[in-house]
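Read the structure below first, then the notes.
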Amino acid sequence: MANPPLLTLNNSVTVPQLGFGVYQVRAAQAAKVIDAAIEAGYRSIDTAAMYGNEAEVGAALRASGLPRDEFFVTTKLWNDQHGYDNALRAFDHSAAALGLEQIDLFLIHWPQPRRDRYVETWRALEQLYRDGRVRAIGVSNFGVTHLRRLLDETDVVPAVNQVELHPWLQQLPLRTFHAEHGIATEAWSPLARGRLLGDRVITALAAKYGKTPAQLVLRWHLQMGTIAIPKSATPARIRENFAVFDFELADDDLAALAELDNGTRTGADPDTFG
């Protein structure tokens, strides 16, 4: 079984470039789904307080029998917990639910610019990082404007920004900003919730490589240097999504995929959500 390449974050912590997301994985099915992901080879698991399955994720990791240090666990602070003290309490709650003394990556889930508390919230994450309770801190759904404020007003550069990213929404200006400041780009909805898998360019290239459209898109993510966290509750598809390490896209095919960028979002706009 091939292992995902490791990406080194700006504080030298490494993370598998292909992880497993558990958004909309119901608590009742989480154990079975995560067990299938671990069996397939995933060692990076992405959850969030809002998903309502942190306890089940933690239990599934313990039930695997694998050492804690084989896993990279991400969770996120939800919108109703912004603010310094709220964020610290939210972290305590997530850590307790997961059953972990230390979380690998803790993210602010959305910036909520209208509430304008994300800088204060980030300072709480900085404290958690200084205290060693989390190995790396980052954000999710932040735009360049939000990131600039953190860089200007706080001390720790986010290790990761997790955003919607796929061939229809390639986020080049944001990714360029990330590269300039040492922020890793992580893709949620890396398959556009399946909506782009019927795209004629993607299906044609998948046929060329003898792969599924999902495998082709995930391979694109890897070669773009992003961290991808596909989700599925189907064991066969979980295994399929992990089988992307035995081929490489040619430069002209990457160029063809670059032409698919049309700004299509499957999720909320970070400037207005929350």
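Residues in the structure tokens are named by chain (A, B, ... in the order shown) and by number from 1 within that chain; ligands are numbered from 1 in the order shown.
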(request) Determine which residues of segment 144-230 of chain A receive a DSSP assignment of alpha helix (DSSP H), computed from the backbone, and state them as a PyMOL selection string. (result) chain A and resi 144-153+172-181+200-209+213-224
(message) So that I can check the surroundings of segment 40-43 of chain A, please list as a PyMOL selection string every protein, DNA and RNA residue that reaches within 6 Å of it, counting only C-alpha atoms and ignoring chain neighbours fewer than 2 positions away.
(response) chain A and resi 37-38+71+239
Just-selected residues, all heavy atoms written as a compact mmCIF listing (two decimals), in the first residue's frame:
# COMPACT_ATOMS: atom_id res chain seq x y z
N ALA A 37 -11.65 3.89 6.26
CA ALA A 37 -10.62 4.83 5.83
C ALA A 37 -9.24 4.40 6.33
O ALA A 37 -8.26 4.45 5.59
CB ALA A 37 -10.96 6.24 6.31
N ILE A 38 -9.17 4.00 7.58
CA ILE A 38 -7.89 3.57 8.14
C ILE A 38 -7.39 2.32 7.42
O ILE A 38 -6.21 2.20 7.08
CB ILE A 38 -8.03 3.31 9.66
CG1 ILE A 38 -8.30 4.64 10.39
CG2 ILE A 38 -6.77 2.64 10.22
CD1 ILE A 38 -8.68 4.46 11.85
N PHE A 71 -1.38 9.07 13.53
CA PHE A 71 -2.52 9.83 13.03
C PHE A 71 -2.26 11.34 13.09
O PHE A 71 -1.59 11.83 14.01
CB PHE A 71 -3.78 9.51 13.83
CG PHE A 71 -4.28 8.11 13.63
CD1 PHE A 71 -4.16 7.17 14.64
CD2 PHE A 71 -4.88 7.73 12.43
CE1 PHE A 71 -4.62 5.88 14.46
CE2 PHE A 71 -5.33 6.44 12.24
CZ PHE A 71 -5.20 5.51 13.25
N ARG A 239 -11.64 3.51 -0.77
CA ARG A 239 -10.43 2.86 -1.29
C ARG A 239 -10.03 3.45 -2.63
O ARG A 239 -8.85 3.69 -2.90
CB ARG A 239 -10.67 1.34 -1.43
CG ARG A 239 -10.82 0.62 -0.10
CD ARG A 239 -10.80 -0.89 -0.29
NE ARG A 239 -11.93 -1.36 -1.09
CZ ARG A 239 -13.11 -1.71 -0.58
NH1 ARG A 239 -13.33 -1.62 0.73
NH2 ARG A 239 -14.07 -2.15 -1.38
Within 8 Å of Ala184 of chain A, counting only C-alpha atoms, which residues show up once you throw out same-chain ones fewer than 5 positions away? Write them as a PDB file with N, CA, C and O atoms, in the first residue's frame, please.
ATOM      1  N   LEU A   9       4.721  21.752   6.961  1.00  0.00           N
ATOM      2  CA  LEU A   9       4.111  23.048   7.248  1.00  0.00           C
ATOM      3  C   LEU A   9       5.179  24.055   7.656  1.00  0.00           C
ATOM      4  O   LEU A   9       6.347  23.715   7.830  1.00  0.00           O
ATOM      5  N   ASN A  10       4.771  25.314   7.842  1.00  0.00           N
ATOM      6  CA  ASN A  10       5.744  26.379   8.103  1.00  0.00           C
ATOM      7  C   ASN A  10       6.392  26.307   9.481  1.00  0.00           C
ATOM      8  O   ASN A  10       7.286  27.097   9.785  1.00  0.00           O
ATOM      9  N   ALA A 159      -0.537  28.033   9.691  1.00  0.00           N
ATOM     10  CA  ALA A 159       0.147  26.943   8.993  1.00  0.00           C
ATOM     11  C   ALA A 159      -0.644  26.482   7.783  1.00  0.00           C
ATOM     12  O   ALA A 159      -0.066  26.035   6.791  1.00  0.00           O
ATOM     13  N   VAL A 160      -1.972  26.600   7.863  1.00  0.00           N
ATOM     14  CA  VAL A 160      -2.872  26.063   6.843  1.00  0.00           C
ATOM     15  C   VAL A 160      -4.044  27.019   6.653  1.00  0.00           C
ATOM     16  O   VAL A 160      -4.510  27.639   7.619  1.00  0.00           O
ATOM     17  N   ASN A 161      -4.530  27.133   5.438  1.00  0.00           N
ATOM     18  CA  ASN A 161      -5.842  27.709   5.164  1.00  0.00           C
ATOM     19  C   ASN A 161      -6.620  26.667   4.376  1.00  0.00           C
ATOM     20  O   ASN A 161      -6.245  26.309   3.259  1.00  0.00           O
ATOM     21  N   HIS A 178      -0.829  32.463  -0.344  1.00  0.00           N
ATOM     22  CA  HIS A 178      -0.367  31.403   0.559  1.00  0.00           C
ATOM     23  C   HIS A 178       1.109  31.095   0.309  1.00  0.00           C
ATOM     24  O   HIS A 178       1.908  31.001   1.255  1.00  0.00           O
ATOM     25  N   ALA A 179       1.460  30.903  -0.956  1.00  0.00           N
ATOM     26  CA  ALA A 179       2.841  30.547  -1.294  1.00  0.00           C
ATOM     27  C   ALA A 179       3.813  31.637  -0.863  1.00  0.00           C
ATOM     28  O   ALA A 179       4.926  31.352  -0.397  1.00  0.00           O
ATOM     29  N   THR A 226      -1.493  20.967  -3.118  1.00  0.00           N
ATOM     30  CA  THR A 226      -2.483  21.185  -2.073  1.00  0.00           C
ATOM     31  C   THR A 226      -2.673  19.910  -1.249  1.00  0.00           C
ATOM     32  O   THR A 226      -2.378  18.806  -1.690  1.00  0.00           O
ATOM     33  N   ILE A 227      -3.186  20.093  -0.044  1.00  0.00           N
ATOM     34  CA  ILE A 227      -3.641  18.989   0.797  1.00  0.00           C
ATOM     35  C   ILE A 227      -5.107  18.763   0.447  1.00  0.00           C
ATOM     36  O   ILE A 227      -5.891  19.717   0.408  1.00  0.00           O
TER      37      ILE A 227
END
(message) List the spatial neighbours of Arg68 of chain A as number ranges by chain - criterion: any atom at most 12 Å away, only C-alpha atoms, same-chain residues fewer than 3 positions off excluded.
(response) A: 43-44, 58-65, 71-73, 98-104
Selection to disk with all heavy atoms, as a short mmCIF file (atom, residue, chain, number, x, y, z; two decimals), in the first residue's frame:
data_model
loop_
_atom_site.label_atom_id
_atom_site.label_comp_id
_atom_site.auth_asym_id
_atom_site.auth_seq_id
_atom_site.Cartn_x
_atom_site.Cartn_y
_atom_site.Cartn_z
N ARG A 43 -4.32 8.24 7.21
CA ARG A 43 -3.85 8.48 8.57
C ARG A 43 -4.12 9.92 9.02
O ARG A 43 -3.83 10.27 10.16
CB ARG A 43 -2.35 8.18 8.67
CG ARG A 43 -2.00 6.70 8.45
CD ARG A 43 -2.58 5.82 9.53
NE ARG A 43 -2.24 4.41 9.35
CZ ARG A 43 -3.01 3.54 8.70
NH1 ARG A 43 -4.16 3.92 8.16
NH2 ARG A 43 -2.63 2.27 8.57
N SER A 44 -4.64 10.74 8.12
CA SER A 44 -5.02 12.11 8.47
C SER A 44 -6.53 12.19 8.43
O SER A 44 -7.16 11.89 7.40
CB SER A 44 -4.40 13.10 7.47
OG SER A 44 -4.84 14.42 7.74
N GLY A 58 -12.56 10.11 17.68
CA GLY A 58 -11.56 9.72 18.67
C GLY A 58 -11.67 8.25 19.05
O GLY A 58 -10.67 7.55 19.17
N ALA A 59 -12.90 7.79 19.23
CA ALA A 59 -13.11 6.38 19.60
C ALA A 59 -12.63 5.45 18.49
O ALA A 59 -12.02 4.41 18.76
CB ALA A 59 -14.59 6.14 19.90
N ALA A 60 -12.88 5.83 17.23
CA ALA A 60 -12.47 4.99 16.11
C ALA A 60 -10.95 4.92 16.00
O ALA A 60 -10.39 3.85 15.70
CB ALA A 60 -13.07 5.52 14.81
N LEU A 61 -10.28 6.02 16.26
CA LEU A 61 -8.82 6.00 16.20
C LEU A 61 -8.25 5.11 17.30
O LEU A 61 -7.31 4.35 17.06
CB LEU A 61 -8.27 7.42 16.33
CG LEU A 61 -8.68 8.41 15.22
CD1 LEU A 61 -7.96 9.74 15.41
CD2 LEU A 61 -8.40 7.85 13.83
N ARG A 62 -8.82 5.19 18.48
CA ARG A 62 -8.35 4.33 19.57
C ARG A 62 -8.64 2.86 19.26
O ARG A 62 -7.81 1.99 19.52
CB ARG A 62 -9.00 4.74 20.89
CG ARG A 62 -8.50 6.07 21.44
CD ARG A 62 -9.00 6.33 22.84
NE ARG A 62 -10.46 6.49 22.90
CZ ARG A 62 -11.10 7.63 22.65
NH1 ARG A 62 -10.42 8.72 22.30
NH2 ARG A 62 -12.42 7.71 22.74
N ALA A 63 -9.79 2.59 18.69
CA ALA A 63 -10.18 1.21 18.39
C ALA A 63 -9.30 0.60 17.31
O ALA A 63 -9.22 -0.63 17.20
CB ALA A 63 -11.65 1.16 17.97
N SER A 64 -8.64 1.43 16.51
CA SER A 64 -7.79 0.91 15.44
C SER A 64 -6.59 0.14 15.98
O SER A 64 -6.02 -0.70 15.28
CB SER A 64 -7.28 2.06 14.57
OG SER A 64 -6.28 2.81 15.24
N GLY A 65 -6.19 0.46 17.21
CA GLY A 65 -5.03 -0.18 17.79
C GLY A 65 -3.71 0.39 17.33
O GLY A 65 -2.64 -0.04 17.78
N PHE A 71 -1.38 9.07 13.53
CA PHE A 71 -2.52 9.83 13.03
C PHE A 71 -2.26 11.34 13.09
O PHE A 71 -1.59 11.83 14.01
CB PHE A 71 -3.78 9.51 13.83
CG PHE A 71 -4.28 8.11 13.63
CD1 PHE A 71 -4.16 7.17 14.64
CD2 PHE A 71 -4.88 7.73 12.43
CE1 PHE A 71 -4.62 5.88 14.46
CE2 PHE A 71 -5.33 6.44 12.24
CZ PHE A 71 -5.20 5.51 13.25
N PHE A 72 -2.82 12.03 12.13
CA PHE A 72 -2.82 13.49 12.12
C PHE A 72 -4.29 13.90 12.20
O PHE A 72 -5.07 13.64 11.29
CB PHE A 72 -2.18 14.03 10.84
CG PHE A 72 -1.95 15.51 10.86
CD1 PHE A 72 -0.70 16.03 11.21
CD2 PHE A 72 -2.96 16.41 10.54
CE1 PHE A 72 -0.48 17.41 11.24
CE2 PHE A 72 -2.76 17.77 10.56
CZ PHE A 72 -1.51 18.28 10.91
N VAL A 73 -4.66 14.54 13.32
CA VAL A 73 -6.06 14.85 13.60
C VAL A 73 -6.28 16.36 13.54
O VAL A 73 -5.60 17.12 14.24
CB VAL A 73 -6.49 14.30 14.98
CG1 VAL A 73 -7.96 14.63 15.24
CG2 VAL A 73 -6.25 12.80 15.05
N LEU A 98 -12.58 14.29 21.54
CA LEU A 98 -11.68 13.43 20.78
C LEU A 98 -10.89 12.48 21.67
O LEU A 98 -10.36 11.47 21.20
CB LEU A 98 -10.70 14.28 19.96
CG LEU A 98 -11.28 14.98 18.74
CD1 LEU A 98 -10.40 16.14 18.31
CD2 LEU A 98 -11.45 13.99 17.59
N GLY A 99 -10.79 12.82 22.95
CA GLY A 99 -9.99 12.02 23.86
C GLY A 99 -8.50 12.19 23.64
O GLY A 99 -7.73 11.25 23.85
N LEU A 100 -8.09 13.39 23.23
CA LEU A 100 -6.70 13.66 22.92
C LEU A 100 -6.14 14.76 23.80
O LEU A 100 -6.79 15.78 24.03
CB LEU A 100 -6.56 14.09 21.45
CG LEU A 100 -7.00 13.08 20.39
CD1 LEU A 100 -6.89 13.69 19.00
CD2 LEU A 100 -6.17 11.80 20.48
N GLU A 101 -4.92 14.55 24.28
CA GLU A 101 -4.25 15.60 25.04
C GLU A 101 -3.72 16.69 24.12
O GLU A 101 -3.62 17.85 24.52
CB GLU A 101 -3.11 15.01 25.87
CG GLU A 101 -3.56 14.07 26.97
CD GLU A 101 -2.41 13.60 27.83
OE1 GLU A 101 -1.26 14.07 27.61
OE2 GLU A 101 -2.65 12.76 28.72
N GLN A 102 -3.37 16.31 22.91
CA GLN A 102 -2.84 17.26 21.95
C GLN A 102 -3.50 17.00 20.60
O GLN A 102 -3.61 15.87 20.14
CB GLN A 102 -1.32 17.11 21.82
CG GLN A 102 -0.66 18.14 20.92
CD GLN A 102 0.82 17.86 20.72
OE1 GLN A 102 1.21 16.78 20.27
NE2 GLN A 102 1.67 18.82 21.08
N ILE A 103 -3.93 18.08 19.95
CA ILE A 103 -4.52 18.00 18.62
C ILE A 103 -3.47 18.44 17.62
O ILE A 103 -2.69 19.35 17.88
CB ILE A 103 -5.80 18.87 18.55
CG1 ILE A 103 -6.91 18.23 19.40
CG2 ILE A 103 -6.28 19.04 17.12
CD1 ILE A 103 -8.16 19.06 19.55
N ASP A 104 -3.44 17.79 16.47
CA ASP A 104 -2.39 18.10 15.50
C ASP A 104 -2.61 19.44 14.80
O ASP A 104 -1.66 20.20 14.59
CB ASP A 104 -2.32 16.97 14.46
CG ASP A 104 -1.91 15.66 15.09
OD1 ASP A 104 -0.75 15.55 15.54
OD2 ASP A 104 -2.76 14.75 15.18
#
(message) Can you pull out the residues contacting Arg89 of chain A? Cut-off 12 Å, using only C-alpha atoms, and skip same-chain residues under 6 positions away; I want them as a VMD selection string.
(response) chain A and resid 77 to 78 80 to 83 95 to 96 121 124 to 125 128
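Residue nearest Pro190 of chain A within the list A:Leu205, A:Leu151, A:Val13, A:Met224: A:Met224 [criterion: smallest interatomic distance, only C-alpha atoms].
Nearest to Ile238 of chain A of all the residues A:Ala90, A:Gln215, A:Val15, A:Glu126 is A:Gln215, based on only C-alpha atoms.
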(message) Just want the 9 Å neighbourhood of Thr154 of chain A, counted on only C-alpha atoms, with same-chain residues fewer than 5 positions away dropped. Output as a ChimeraX atom specification.
(response) /A:119,122-123,126,149
(request) Compile the contact shell of Glu164 of chain A as a ChimeraX atom specification: residues with an atom at most 6 Å away, counting only C-alpha atoms, same-chain residues fewer than 4 positions apart removed. (result) /A:187-189
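If you look at atom CA of Arg175 of chain A and atom CA of Gly138 of chain A, they are 14.8 Å away from each other.
Using only C-alpha atoms for every distance, the candidate list A:Asp251, A:Leu222, A:Tyr118, A:Ala97 yields A:Leu222 as the residue closest to Leu6 of chain A.
Using only C-alpha atoms, the shortest contact distance between Arg195 of chain A and any of A:His181, A:Arg219, A:Lys208, A:His166 is found at A:His166.
For the residues A:Ala255, A:Val156, A:Ala233, A:Val134, ranking by smallest atom-to-atom distance to Val22 of chain A using only C-alpha atoms places A:Ala233 first.
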